[in-house]
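J.: Sharing entry_39.pdb below, PDB, C-alpha atoms:
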ATOM      1  CA  MET A   1      24.560  -9.991  12.361
ATOM      2  CA  ALA A   2      21.377 -10.768  14.203
ATOM      3  CA  ASP A   3      19.825 -14.204  13.821
ATOM      4  CA  LYS A   4      16.668 -12.603  12.587
ATOM      5  CA  LEU A   5      16.006  -9.410  10.643
ATOM      6  CA  THR A   6      14.338  -6.563  12.499
ATOM      7  CA  THR A   7      11.503  -6.715  10.022
ATOM      8  CA  ASP A   8      11.012 -10.463  10.409
ATOM      9  CA  ILE A   9       8.155 -10.385  12.891
ATOM     10  CA  GLY A  10       5.990 -13.142  11.384
ATOM     11  CA  GLY A  11       4.999 -15.527  14.166
ATOM     12  CA  ASP A  12       5.891 -13.184  17.012
ATOM     13  CA  PRO A  13       3.344 -12.692  19.770
ATOM     14  CA  ALA A  14       1.380  -9.446  19.428
ATOM     15  CA  GLY A  15      -1.783  -7.751  20.623
ATOM     16  CA  PRO A  16      -5.193  -7.397  18.994
ATOM     17  CA  ILE A  17      -5.504  -6.529  15.314
ATOM     18  CA  PRO A  18      -6.321  -2.810  14.928
ATOM     19  CA  LEU A  19      -9.615  -2.961  13.083
ATOM     20  CA  GLU A  20     -10.240   0.756  12.895
ATOM     21  CA  GLY A  21      -8.658   2.328   9.892
ATOM     22  CA  ARG A  22      -7.956   5.888   8.959
ATOM     23  CA  ASP A  23      -7.795   7.500   5.565
ATOM     24  CA  GLN A  24      -4.432   8.143   4.037
ATOM     25  CA  LEU A  25      -3.358  11.744   4.453
ATOM     26  CA  PHE A  26      -2.646  13.872   1.414
ATOM     27  CA  TRP A  27       1.094  13.980   2.066
ATOM     28  CA  GLU A  28       1.165  10.209   2.492
ATOM     29  CA  LYS A  29      -0.416   9.813  -0.936
ATOM     30  CA  GLN A  30       2.095  12.262  -2.360
ATOM     31  CA  MET A  31       4.899  10.357  -0.714
ATOM     32  CA  ILE A  32       3.827   7.028  -2.185
ATOM     33  CA  ALA A  33       3.556   8.666  -5.617
ATOM     34  CA  ALA A  34       7.013  10.246  -5.285
ATOM     35  CA  PHE A  35       8.508   6.917  -4.182
ATOM     36  CA  ASN A  36       6.837   5.172  -7.132
ATOM     37  CA  LEU A  37       8.482   7.724  -9.410
ATOM     38  CA  LEU A  38      11.897   7.147  -7.835
ATOM     39  CA  GLN A  39      11.550   3.502  -8.793
ATOM     40  CA  VAL A  40      10.088   4.117 -12.250
ATOM     41  CA  LYS A  41      12.960   6.497 -12.977
ATOM     42  CA  GLY A  42      15.495   3.964 -11.768
ATOM     43  CA  VAL A  43      16.822   6.191  -8.976
ATOM     44  CA  VAL A  44      16.248   3.429  -6.430
ATOM     45  CA  VAL A  45      15.286  -0.224  -6.584
ATOM     46  CA  THR A  46      12.984  -2.092  -4.216
ATOM     47  CA  ASP A  47      15.672  -4.277  -2.710
ATOM     48  CA  GLU A  48      17.969  -1.443  -1.642
ATOM     49  CA  PHE A  49      15.013   0.421  -0.190
ATOM     50  CA  ARG A  50      14.059  -2.662   1.779
ATOM     51  CA  ARG A  51      17.639  -2.975   2.996
ATOM     52  CA  THR A  52      17.505   0.498   4.550
ATOM     53  CA  VAL A  53      14.412  -0.513   6.498
ATOM     54  CA  GLU A  54      15.975  -3.817   7.527
ATOM     55  CA  GLU A  55      18.993  -1.958   8.872
ATOM     56  CA  MET A  56      16.930   0.127  11.253
ATOM     57  CA  PRO A  57      17.730  -0.512  14.922
ATOM     58  CA  ALA A  58      15.171  -2.801  16.540
ATOM     59  CA  ASP A  59      13.974  -0.249  19.090
ATOM     60  CA  TYR A  60      13.538   2.407  16.420
ATOM     61  CA  TYR A  61      11.672  -0.044  14.207
ATOM     62  CA  ALA A  62       9.385  -1.112  17.046
ATOM     63  CA  GLY A  63       8.335   2.479  17.702
ATOM     64  CA  SER A  64       8.090   3.612  14.090
ATOM     65  CA  THR A  65       4.982   4.155  12.005
ATOM     66  CA  PHE A  66       4.374   2.684   8.576
ATOM     67  CA  TYR A  67       4.808   5.945   6.671
ATOM     68  CA  GLY A  68       7.476   7.327   9.002
ATOM     69  CA  ARG A  69       9.645   4.270   8.583
ATOM     70  CA  ARG A  70       9.339   4.335   4.810
ATOM     71  CA  LEU A  71      10.195   7.997   4.699
ATOM     72  CA  ASP A  72      13.242   7.609   6.937
ATOM     73  CA  GLY A  73      14.452   4.630   4.933
ATOM     74  CA  MET A  74      14.115   6.489   1.650
ATOM     75  CA  VAL A  75      15.819   9.625   2.971
ATOM     76  CA  ARG A  76      18.710   7.532   4.227
ATOM     77  CA  LEU A  77      19.011   5.746   0.898
ATOM     78  CA  LEU A  78      18.905   8.950  -1.157
ATOM     79  CA  ILE A  79      21.594  10.509   1.042
ATOM     80  CA  GLU A  80      23.702   7.369   0.714
ATOM     81  CA  LYS A  81      23.340   7.520  -3.070
ATOM     82  CA  GLY A  82      24.172  11.205  -3.196
ATOM     83  CA  VAL A  83      20.790  12.169  -4.629
ATOM     84  CA  ILE A  84      20.170  14.582  -1.763
ATOM     85  CA  ASP A  85      22.494  16.166   0.777
ATOM     86  CA  ALA A  86      22.002  15.302   4.452
ATOM     87  CA  ASP A  87      22.660  18.847   5.738
ATOM     88  CA  ALA A  88      20.463  20.440   3.099
ATOM     89  CA  PHE A  89      17.715  18.023   4.031
ATOM     90  CA  GLU A  90      17.840  18.711   7.763
ATOM     91  CA  ALA A  91      18.036  22.458   7.113
ATOM     92  CA  ARG A  92      14.979  22.271   4.882
ATOM     93  CA  VAL A  93      13.042  20.280   7.475
ATOM     94  CA  ARG A  94      13.805  22.930  10.112
ATOM     95  CA  GLU A  95      12.839  25.710   7.751
ATOM     96  CA  ILE A  96       9.478  24.095   7.013
ATOM     97  CA  LEU A  97       8.766  23.305  10.673
ATOM     98  CA  GLU A  98       9.662  26.835  11.731
ATOM     99  CA  SER A  99       7.424  28.385   9.101
ATOM    100  CA  GLY A 100       4.695  25.949  10.104
ATOM    101  CA  THR A 101       3.085  26.155   6.681
ATOM    102  CA  ARG A 102       3.024  24.084   3.558
ATOM    103  CA  ASP A 103       2.983  27.077   1.262
ATOM    104  CA  HIS A 104       6.603  27.668   0.408
ATOM    105  CA  VAL A 105       7.365  24.172  -0.767
TER     106      VAL A 105
ATOM    107  CA  MET B   1      -2.371  24.801 -18.109
ATOM    108  CA  SER B   2      -0.274  27.798 -19.101
ATOM    109  CA  THR B   3       3.489  27.747 -19.096
ATOM    110  CA  HIS B   4       5.229  28.817 -15.931
ATOM    111  CA  ASP B   5       7.718  31.624 -16.392
ATOM    112  CA  HIS B   6       9.575  30.845 -13.203
ATOM    113  CA  ASN B   7      11.428  27.875 -11.860
ATOM    114  CA  HIS B   8       9.434  26.859  -8.832
ATOM    115  CA  ASP B   9       6.833  24.184  -8.979
ATOM    116  CA  HIS B  10       3.970  25.684  -7.066
ATOM    117  CA  ASP B  11       1.897  22.569  -6.852
ATOM    118  CA  ASP B  12       0.436  23.606  -3.544
ATOM    119  CA  HIS B  13      -1.440  26.318  -5.386
ATOM    120  CA  ALA B  14      -3.516  23.475  -6.719
ATOM    121  CA  PRO B  15      -7.116  23.149  -5.497
ATOM    122  CA  THR B  16      -7.719  23.003  -1.769
ATOM    123  CA  ARG B  17      -6.067  20.055  -0.159
ATOM    124  CA  GLU B  18      -8.162  17.687   1.854
ATOM    125  CA  ASP B  19      -6.061  18.029   5.001
ATOM    126  CA  ASP B  20      -5.130  21.687   4.848
ATOM    127  CA  ASP B  21      -6.818  22.151   8.199
ATOM    128  CA  LEU B  22      -4.523  19.622   9.892
ATOM    129  CA  GLU B  23      -1.497  20.843  11.753
ATOM    130  CA  LEU B  24       1.800  20.312  10.004
ATOM    131  CA  THR B  25       3.492  17.333  11.639
ATOM    132  CA  GLU B  26       7.173  16.543  11.683
ATOM    133  CA  GLY B  27       6.539  13.565   9.408
ATOM    134  CA  GLU B  28       4.842  15.699   6.801
ATOM    135  CA  ALA B  29       7.546  18.371   7.116
ATOM    136  CA  ARG B  30      10.199  15.744   6.489
ATOM    137  CA  PHE B  31       8.372  14.563   3.402
ATOM    138  CA  LEU B  32       7.880  18.127   2.129
ATOM    139  CA  ALA B  33      11.588  18.771   2.625
ATOM    140  CA  LEU B  34      12.482  15.675   0.650
ATOM    141  CA  LYS B  35       9.988  16.511  -2.067
ATOM    142  CA  SER B  36      11.295  20.046  -2.459
ATOM    143  CA  LEU B  37      14.892  18.804  -2.740
ATOM    144  CA  LEU B  38      13.919  16.183  -5.322
ATOM    145  CA  ILE B  39      12.117  18.803  -7.398
ATOM    146  CA  GLU B  40      14.929  21.340  -7.083
ATOM    147  CA  GLY B  41      17.449  18.659  -7.966
ATOM    148  CA  GLY B  42      15.558  17.869 -11.145
ATOM    149  CA  VAL B  43      14.856  14.289 -10.063
ATOM    150  CA  MET B  44      11.122  14.747 -10.604
ATOM    151  CA  THR B  45       8.592  17.486 -11.177
ATOM    152  CA  ALA B  46       5.494  18.382  -9.207
ATOM    153  CA  ASP B  47       3.439  17.581 -12.295
ATOM    154  CA  GLU B  48       4.871  14.091 -12.393
ATOM    155  CA  ILE B  49       3.958  13.561  -8.739
ATOM    156  CA  ARG B  50       0.433  14.795  -9.409
ATOM    157  CA  ALA B  51       0.059  12.528 -12.441
ATOM    158  CA  ARG B  52       1.305   9.539 -10.483
ATOM    159  CA  MET B  53      -1.144  10.279  -7.652
ATOM    160  CA  GLU B  54      -3.953  10.287 -10.192
ATOM    161  CA  PHE B  55      -2.711   6.996 -11.581
ATOM    162  CA  ASN B  56      -2.526   5.501  -8.077
ATOM    163  CA  GLU B  57      -6.099   6.613  -7.355
ATOM    164  CA  ARG B  58      -7.270   4.149 -10.003
ATOM    165  CA  GLY B  59      -6.161   1.320  -7.742
ATOM    166  CA  SER B  60      -9.210   0.610  -5.603
ATOM    167  CA  PRO B  61     -11.063  -2.408  -4.237
ATOM    168  CA  HIS B  62     -13.537  -1.970  -7.068
ATOM    169  CA  GLN B  63     -10.932  -3.277  -9.515
ATOM    170  CA  ALA B  64     -10.477  -6.609  -7.751
ATOM    171  CA  ALA B  65     -14.250  -6.846  -7.257
ATOM    172  CA  ARG B  66     -14.850  -6.423 -10.997
ATOM    173  CA  MET B  67     -12.411  -9.200 -11.786
ATOM    174  CA  ILE B  68     -13.818 -11.613  -9.207
ATOM    175  CA  ALA B  69     -17.426 -10.932 -10.215
ATOM    176  CA  ARG B  70     -16.488 -11.568 -13.842
ATOM    177  CA  ALA B  71     -14.737 -14.790 -12.816
ATOM    178  CA  TRP B  72     -17.807 -15.972 -10.891
ATOM    179  CA  LEU B  73     -19.917 -15.553 -14.001
ATOM    180  CA  ASP B  74     -17.470 -16.609 -16.696
ATOM    181  CA  PRO B  75     -15.519 -19.852 -16.152
ATOM    182  CA  ASP B  76     -13.188 -19.053 -19.045
ATOM    183  CA  TYR B  77     -12.293 -15.690 -17.532
ATOM    184  CA  LYS B  78     -11.811 -17.370 -14.163
ATOM    185  CA  ALA B  79      -9.393 -19.852 -15.709
ATOM    186  CA  ARG B  80      -7.460 -17.000 -17.300
ATOM    187  CA  MET B  81      -7.385 -15.057 -14.015
ATOM    188  CA  LEU B  82      -6.056 -18.085 -12.145
ATOM    189  CA  ALA B  83      -3.464 -18.670 -14.877
ATOM    190  CA  ASP B  84      -2.304 -15.065 -15.334
ATOM    191  CA  THR B  85      -3.821 -12.457 -13.033
ATOM    192  CA  LYS B  86      -2.071  -9.464 -14.595
ATOM    193  CA  ALA B  87      -3.257 -10.398 -18.083
ATOM    194  CA  ALA B  88      -6.800 -10.924 -16.752
ATOM    195  CA  ALA B  89      -6.623  -7.458 -15.161
ATOM    196  CA  ALA B  90      -5.500  -5.970 -18.462
ATOM    197  CA  GLU B  91      -8.548  -7.539 -20.153
ATOM    198  CA  LEU B  92     -10.699  -5.286 -17.966
ATOM    199  CA  GLY B  93      -8.512  -2.258 -18.649
ATOM    200  CA  ILE B  94      -6.690  -2.447 -15.311
ATOM    201  CA  GLU B  95      -2.958  -1.764 -15.439
ATOM    202  CA  ALA B  96      -1.349  -3.873 -12.727
ATOM    203  CA  THR B  97       2.088  -2.488 -11.859
ATOM    204  CA  GLU B  98       2.978  -5.307  -9.448
ATOM    205  CA  ALA B  99       5.933  -7.519 -10.400
ATOM    206  CA  ALA B 100       3.723 -10.600 -10.240
ATOM    207  CA  LEU B 101       0.186 -11.318  -9.067
ATOM    208  CA  VAL B 102      -1.204 -14.741  -8.267
ATOM    209  CA  THR B 103      -4.876 -15.491  -7.628
ATOM    210  CA  ILE B 104      -5.751 -18.216  -5.143
ATOM    211  CA  GLU B 105      -9.238 -19.597  -4.984
ATOM    212  CA  ASN B 106     -11.088 -20.350  -1.774
ATOM    213  CA  THR B 107     -12.781 -23.755  -1.766
ATOM    214  CA  PRO B 108     -15.189 -25.497   0.615
ATOM    215  CA  GLU B 109     -12.133 -27.341   1.987
ATOM    216  CA  ARG B 110      -9.663 -24.462   2.209
ATOM    217  CA  HIS B 111      -9.848 -20.809   3.150
ATOM    218  CA  ASN B 112      -6.923 -18.612   2.103
ATOM    219  CA  MET B 113      -5.591 -15.430   3.594
ATOM    220  CA  VAL B 114      -2.787 -13.038   2.739
ATOM    221  CA  VAL B 115      -0.228 -11.246   4.870
ATOM    222  CA  CYS B 116       3.123  -9.614   4.271
ATOM    223  CA  THR B 117       5.081 -10.488   7.384
ATOM    224  CA  LEU B 118       8.196  -8.522   6.403
ATOM    225  CA  CYS B 119       6.602  -5.243   5.331
ATOM    226  CA  SER B 120       3.259  -4.515   3.720
ATOM    227  CA  CYS B 121       3.273  -5.874   0.140
ATOM    228  CA  TYR B 122      -0.275  -5.625  -1.148
ATOM    229  CA  PRO B 123      -1.897  -5.726  -4.607
ATOM    230  CA  ARG B 124      -2.393  -1.946  -4.781
ATOM    231  CA  SER B 125      -3.397  -1.871  -8.436
ATOM    232  CA  LEU B 126      -6.404  -4.024  -7.613
ATOM    233  CA  LEU B 127      -7.167  -2.895  -4.049
ATOM    234  CA  GLY B 128      -5.686   0.557  -3.490
ATOM    235  CA  GLU B 129      -3.646   1.385  -0.413
ATOM    236  CA  PRO B 130      -3.551  -1.297   2.280
ATOM    237  CA  PRO B 131      -5.818  -0.784   5.299
ATOM    238  CA  ALA B 132      -4.324  -0.041   8.715
ATOM    239  CA  PHE B 133      -4.751  -3.596   9.968
ATOM    240  CA  TYR B 134      -2.793  -5.010   7.028
ATOM    241  CA  VAL B 135       0.270  -2.886   7.726
ATOM    242  CA  SER B 136      -0.013  -3.334  11.506
ATOM    243  CA  LYS B 137       2.656  -5.261  13.328
ATOM    244  CA  ALA B 138      -0.065  -7.246  15.104
ATOM    245  CA  TYR B 139      -1.484  -8.624  11.855
ATOM    246  CA  ARG B 140       1.948  -9.217  10.351
ATOM    247  CA  SER B 141       3.047 -11.094  13.457
ATOM    248  CA  ARG B 142      -0.022 -13.148  14.225
ATOM    249  CA  ALA B 143      -1.562 -14.036  10.854
ATOM    250  CA  VAL B 144       0.931 -16.837  10.230
ATOM    251  CA  ARG B 145       0.735 -18.285  13.740
ATOM    252  CA  GLU B 146      -2.939 -18.130  14.654
ATOM    253  CA  PRO B 147      -4.960 -17.286  11.532
ATOM    254  CA  ARG B 148      -8.206 -18.731  12.862
ATOM    255  CA  LYS B 149      -8.021 -16.547  15.933
ATOM    256  CA  VAL B 150      -7.080 -13.501  13.862
ATOM    257  CA  LEU B 151     -10.033 -14.097  11.533
ATOM    258  CA  ARG B 152     -12.326 -14.336  14.541
ATOM    259  CA  GLU B 153     -11.282 -10.782  15.446
ATOM    260  CA  PHE B 154     -12.608  -9.759  12.046
ATOM    261  CA  GLY B 155     -15.861 -11.586  12.815
ATOM    262  CA  VAL B 156     -15.015 -14.371  10.388
ATOM    263  CA  GLU B 157     -15.560 -17.853  11.770
ATOM    264  CA  ILE B 158     -13.941 -20.603   9.695
ATOM    265  CA  PRO B 159     -15.204 -24.071  10.692
ATOM    266  CA  ASP B 160     -12.522 -26.378  12.106
ATOM    267  CA  ALA B 161     -13.094 -28.788   9.231
ATOM    268  CA  VAL B 162     -11.903 -26.127   6.777
ATOM    269  CA  ASP B 163      -8.150 -25.695   6.393
ATOM    270  CA  ILE B 164      -6.665 -22.219   6.429
ATOM    271  CA  ALA B 165      -3.685 -21.472   4.196
ATOM    272  CA  VAL B 166      -1.775 -18.247   4.867
ATOM    273  CA  HIS B 167       0.195 -16.770   1.986
ATOM    274  CA  ASP B 168       3.132 -14.486   2.774
ATOM    275  CA  SER B 169       3.505 -11.793   0.091
ATOM    276  CA  ASN B 170       6.662 -10.088  -0.938
ATOM    277  CA  ALA B 171       7.625  -7.367  -3.392
ATOM    278  CA  ASP B 172       8.154  -9.904  -6.168
ATOM    279  CA  LEU B 173       4.946 -11.858  -5.689
ATOM    280  CA  ARG B 174       1.615 -10.635  -4.357
ATOM    281  CA  TYR B 175      -1.591 -12.559  -3.834
ATOM    282  CA  VAL B 176      -5.258 -12.024  -4.569
ATOM    283  CA  ILE B 177      -7.845 -14.283  -2.958
ATOM    284  CA  MET B 178     -10.876 -15.266  -4.972
ATOM    285  CA  PRO B 179     -13.647 -15.784  -2.423
ATOM    286  CA  MET B 180     -16.409 -18.319  -3.012
ATOM    287  CA  ARG B 181     -19.565 -16.945  -4.555
ATOM    288  CA  PRO B 182     -22.170 -16.886  -1.797
ATOM    289  CA  ALA B 183     -25.320 -18.978  -2.104
ATOM    290  CA  GLY B 184     -28.433 -17.048  -2.997
ATOM    291  CA  THR B 185     -26.736 -14.845  -5.602
ATOM    292  CA  GLU B 186     -27.817 -16.849  -8.643
ATOM    293  CA  GLY B 187     -29.852 -14.100 -10.250
ATOM    294  CA  LEU B 188     -27.349 -11.290  -9.764
ATOM    295  CA  ASN B 189     -25.508  -9.616 -12.611
ATOM    296  CA  GLU B 190     -21.825  -8.754 -12.670
ATOM    297  CA  GLU B 191     -22.235  -5.305 -11.175
ATOM    298  CA  GLU B 192     -24.466  -6.580  -8.388
ATOM    299  CA  LEU B 193     -22.005  -9.354  -7.609
ATOM    300  CA  ALA B 194     -19.066  -6.936  -7.602
ATOM    301  CA  ALA B 195     -20.873  -4.871  -4.966
ATOM    302  CA  LEU B 196     -20.769  -7.880  -2.611
ATOM    303  CA  ILE B 197     -16.993  -8.234  -2.799
ATOM    304  CA  ALA B 198     -15.491  -6.134  -0.061
ATOM    305  CA  ARG B 199     -11.825  -5.146   0.026
ATOM    306  CA  ASP B 200     -10.910  -7.397   2.926
ATOM    307  CA  SER B 201     -12.441 -10.472   1.297
ATOM    308  CA  VAL B 202      -9.722 -10.223  -1.370
ATOM    309  CA  VAL B 203      -7.065 -10.844   1.298
ATOM    310  CA  GLY B 204      -9.220 -13.457   3.034
ATOM    311  CA  CYS B 205     -10.189 -11.374   6.070
ATOM    312  CA  ALA B 206     -13.870 -11.142   5.169
ATOM    313  CA  LEU B 207     -16.413 -13.238   3.309
ATOM    314  CA  PRO B 208     -18.880 -11.988   0.706
ATOM    315  CA  VAL B 209     -22.476 -12.283   1.870
ATOM    316  CA  ALA B 210     -25.585 -12.515  -0.298
ATOM    317  CA  PRO B 211     -27.880  -9.493  -0.039
ATOM    318  CA  ALA B 212     -30.669 -10.030   2.501
TER     319      ALA B 212
END
Here is the file; what I need is its structure written in the form of structure tokens.
T.:
Amino acid sequence: MADKLTTDIGGDPAGPIPLEGRDQLFWEKQMIAAFNLLQVKGVVVTDEFRRTVEEMPADYYAGSTFYGRRLDGMVRLLIEKGVIDADAFEARVREILESGTRDHV
Amino acid sequence: MSTHDHNHDHDDHAPTREDDDLELTEGEARFLALKSLLIEGGVMTADEIRARMEFNERGSPHQAARMIARAWLDPDYKARMLADTKAAAAELGIEATEAALVTIENTPERHNMVVCTLCSCYPRSLLGEPPAFYVSKAYRSRAVREPRKVLREFGVEIPDAVDIAVHDSNADLRYVIMPMRPAGTEGLNEEELAALIARDSVVGCALPVAPA
């Protein structure tokens, strides 16, 4: 067990604050809404979701984006809980990337 | 809307999406894969996702601004907001879904700012989605160590004589900062005051300024 959680970066040295924002993408809004529903429906709870993020390897965490990290954590948790199947998920990702469109979802 | 006579949820037949012209990224594809499995598995429906997105859209900086402007004008409301922020939000018809919200008032002696060092906890019901800086690792790392310097990067200069308190949010407790009402706003009504309260002032990274 590390002395400090991967996520525990408060007080660490870091570069300038990024002042330029960008609007949330449509899929990011959808993702937040879907994650809200998972909680409202009792499929997941905040603390177990946070645990999946805390378990991420430090180098992965350092290079991850805000939405990417949340998505990966949630996917991992839902697989762990048996809500989705890992192989079915990866197959579906490939299928969508190969088609290159959003239409068939 | 008419009843579907097939099993798929074709929510992408909905009106044109704002980023349809963007290339499909791996991140989006991974989300779409998850979403399709959740819908197929009966965990949620596309309609539920749409409804929740609409609900989430109600969370915007205007909500916090309305509350703070009301508090500036009405000492009783201010006392209620400081005592129970969620109840004070409900008074204005705002449904705060956060576990707990606490309002902290800036004073001439103390400026307050909010960070979530561990993730990105933010009062979304009152402010909408957090801005990029708030979720950045730079802000999360530095806000607790050198707040004065961080605020300077936002163009906010806090005199040395004024203390700065940094409040670290978490999923169970989120903070709202009530900025001081700027001088020169005596004649303004609630709506005019609300217009002065920018999103970042509610996490202490900006200060309201009287209209010129």
J.: What is the distance between CA of Asp47 in chain A and CA of Glu80 in chain A, in Å to one decimal?
T.: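 That distance, rounded to one decimal, is 14.6 Å.
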J.: Point out the residue among B:Arg152, B:Arg124, B:Arg66, B:Arg142 with the least atom-to-atom distance to Met178 in chain B, counting all atoms listed in the file.
T.: B:Arg66
J.: Return as a Markdown table the residues of chain B lying at most 6 Å from chain A, together with the closest atom-to-atom pair for each and the distance in Å to one decimal, counting only C-alpha atoms, with rows in chain order and ascending residue number.
T.:
| residue | atom | partner | partner_atom | distance |
| --- | --- | --- | --- | --- |
| B:Ala29 | CA | A:Val93 | CA | 5.8 |
| B:Arg30 | CA | A:Val93 | CA | 5.4 |
| B:Ala33 | CA | A:Val93 | CA | 5.3 |
| B:Ser36 | CA | A:Val105 | CA | 5.9 |
| B:Ile49 | CA | A:Ala34 | CA | 5.7 |
| B:Arg52 | CA | A:Ala33 | CA | 5.4 |
| B:Met53 | CA | A:Ala33 | CA | 5.4 |
| B:Thr117 | CA | A:Gly10 | CA | 4.9 |
| B:Leu118 | CA | A:Thr7 | CA | 5.2 |
| B:Ala132 | CA | A:Gly21 | CA | 5.1 |
| B:Phe133 | CA | A:Pro18 | CA | 5.3 |
| B:Ala138 | CA | A:Ala14 | CA | 5.1 |
| B:Tyr139 | CA | A:Ile17 | CA | 5.7 |
| B:Arg140 | CA | A:Gly10 | CA | 5.7 |
| B:Ser141 | CA | A:Gly10 | CA | 4.1 |
| B:Arg142 | CA | A:Gly11 | CA | 5.6 |
| B:Val144 | CA | A:Gly11 | CA | 5.8 |
| B:Arg145 | CA | A:Gly11 | CA | 5.1 |
J.: Just the selected residues (C-alpha atoms), exported as a PDB file, keeping the file's coordinate frame, please.
T.:
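Wrote it out as selection37.pdb, contents follow:
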ATOM      1  CA  ALA B  29       7.546  18.371   7.116  1.00  0.00           C
ATOM      2  CA  ARG B  30      10.199  15.744   6.489  1.00  0.00           C
ATOM      3  CA  ALA B  33      11.588  18.771   2.625  1.00  0.00           C
ATOM      4  CA  SER B  36      11.295  20.046  -2.459  1.00  0.00           C
ATOM      5  CA  ILE B  49       3.958  13.561  -8.739  1.00  0.00           C
ATOM      6  CA  ARG B  52       1.305   9.539 -10.483  1.00  0.00           C
ATOM      7  CA  MET B  53      -1.144  10.279  -7.652  1.00  0.00           C
ATOM      8  CA  THR B 117       5.081 -10.488   7.384  1.00  0.00           C
ATOM      9  CA  LEU B 118       8.196  -8.522   6.403  1.00  0.00           C
ATOM     10  CA  ALA B 132      -4.324  -0.041   8.715  1.00  0.00           C
ATOM     11  CA  PHE B 133      -4.751  -3.596   9.968  1.00  0.00           C
ATOM     12  CA  ALA B 138      -0.065  -7.246  15.104  1.00  0.00           C
ATOM     13  CA  TYR B 139      -1.484  -8.624  11.855  1.00  0.00           C
ATOM     14  CA  ARG B 140       1.948  -9.217  10.351  1.00  0.00           C
ATOM     15  CA  SER B 141       3.047 -11.094  13.457  1.00  0.00           C
ATOM     16  CA  ARG B 142      -0.022 -13.148  14.225  1.00  0.00           C
ATOM     17  CA  VAL B 144       0.931 -16.837  10.230  1.00  0.00           C
ATOM     18  CA  ARG B 145       0.735 -18.285  13.740  1.00  0.00           C
TER      19      ARG B 145
END
J.: Could you list, as a PyMOL selection string, every residue matched by the PyMOL selection byres ((chain B and resi 168) around 8) in this structure?
T.: chain B and resi 114-117+166-167+169-170
J.: To one decimal place in Å, what is the distance between CA of Glu192 in chain B and CA of Tyr77 in chain B?
T.: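 A separation of 17.7 Å between them.
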J.: Can you patch up range 17-27 of chain A, filling it in to N, CA, C and O atoms, and show the result as a JSON list (two decimals), keeping the file's coordinate frame?
T.:
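Once written, out-v2.json looks like this:
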[["chain", "number", "residue", "atom", "x", "y", "z"],
["A", 17, "ILE", "N", -5.61, -7.15, 16.63],
["A", 17, "ILE", "CA", -5.50, -6.53, 15.31],
["A", 17, "ILE", "C", -6.25, -5.19, 15.36],
["A", 17, "ILE", "O", -7.40, -5.14, 15.79],
["A", 18, "PRO", "N", -5.61, -4.10, 14.94],
["A", 18, "PRO", "CA", -6.32, -2.81, 14.93],
["A", 18, "PRO", "C", -7.33, -2.78, 13.78],
["A", 18, "PRO", "O", -6.95, -2.71, 12.61],
["A", 19, "LEU", "N", -8.59, -2.86, 14.13],
["A", 19, "LEU", "CA", -9.62, -2.96, 13.08],
["A", 19, "LEU", "C", -10.07, -1.60, 12.58],
["A", 19, "LEU", "O", -10.67, -1.50, 11.51],
["A", 20, "GLU", "N", -9.81, -0.56, 13.36],
["A", 20, "GLU", "CA", -10.24, 0.76, 12.90],
["A", 20, "GLU", "C", -9.18, 1.35, 11.99],
["A", 20, "GLU", "O", -8.02, 1.44, 12.35],
["A", 21, "GLY", "N", -9.60, 1.75, 10.83],
["A", 21, "GLY", "CA", -8.66, 2.33, 9.89],
["A", 21, "GLY", "C", -8.70, 3.84, 9.94],
["A", 21, "GLY", "O", -9.46, 4.44, 10.69],
["A", 22, "ARG", "N", -7.84, 4.45, 9.17],
["A", 22, "ARG", "CA", -7.96, 5.89, 8.96],
["A", 22, "ARG", "C", -7.58, 6.13, 7.50],
["A", 22, "ARG", "O", -6.84, 5.36, 6.91],
["A", 23, "ASP", "N", -8.11, 7.20, 6.95],
["A", 23, "ASP", "CA", -7.80, 7.50, 5.56],
["A", 23, "ASP", "C", -6.36, 7.96, 5.45],
["A", 23, "ASP", "O", -5.81, 8.58, 6.37],
["A", 24, "GLN", "N", -5.78, 7.67, 4.32],
["A", 24, "GLN", "CA", -4.43, 8.14, 4.04],
["A", 24, "GLN", "C", -4.46, 9.67, 3.96],
["A", 24, "GLN", "O", -5.37, 10.24, 3.37],
["A", 25, "LEU", "N", -3.45, 10.29, 4.55],
["A", 25, "LEU", "CA", -3.36, 11.74, 4.45],
["A", 25, "LEU", "C", -2.83, 12.14, 3.07],
["A", 25, "LEU", "O", -2.20, 11.34, 2.38],
["A", 26, "PHE", "N", -3.07, 13.39, 2.73],
["A", 26, "PHE", "CA", -2.65, 13.87, 1.41],
["A", 26, "PHE", "C", -1.14, 13.70, 1.22],
["A", 26, "PHE", "O", -0.68, 13.24, 0.18],
["A", 27, "TRP", "N", -0.37, 14.08, 2.23],
["A", 27, "TRP", "CA", 1.09, 13.98, 2.07],
["A", 27, "TRP", "C", 1.54, 12.53, 1.95],
["A", 27, "TRP", "O", 2.53, 12.24, 1.27]]
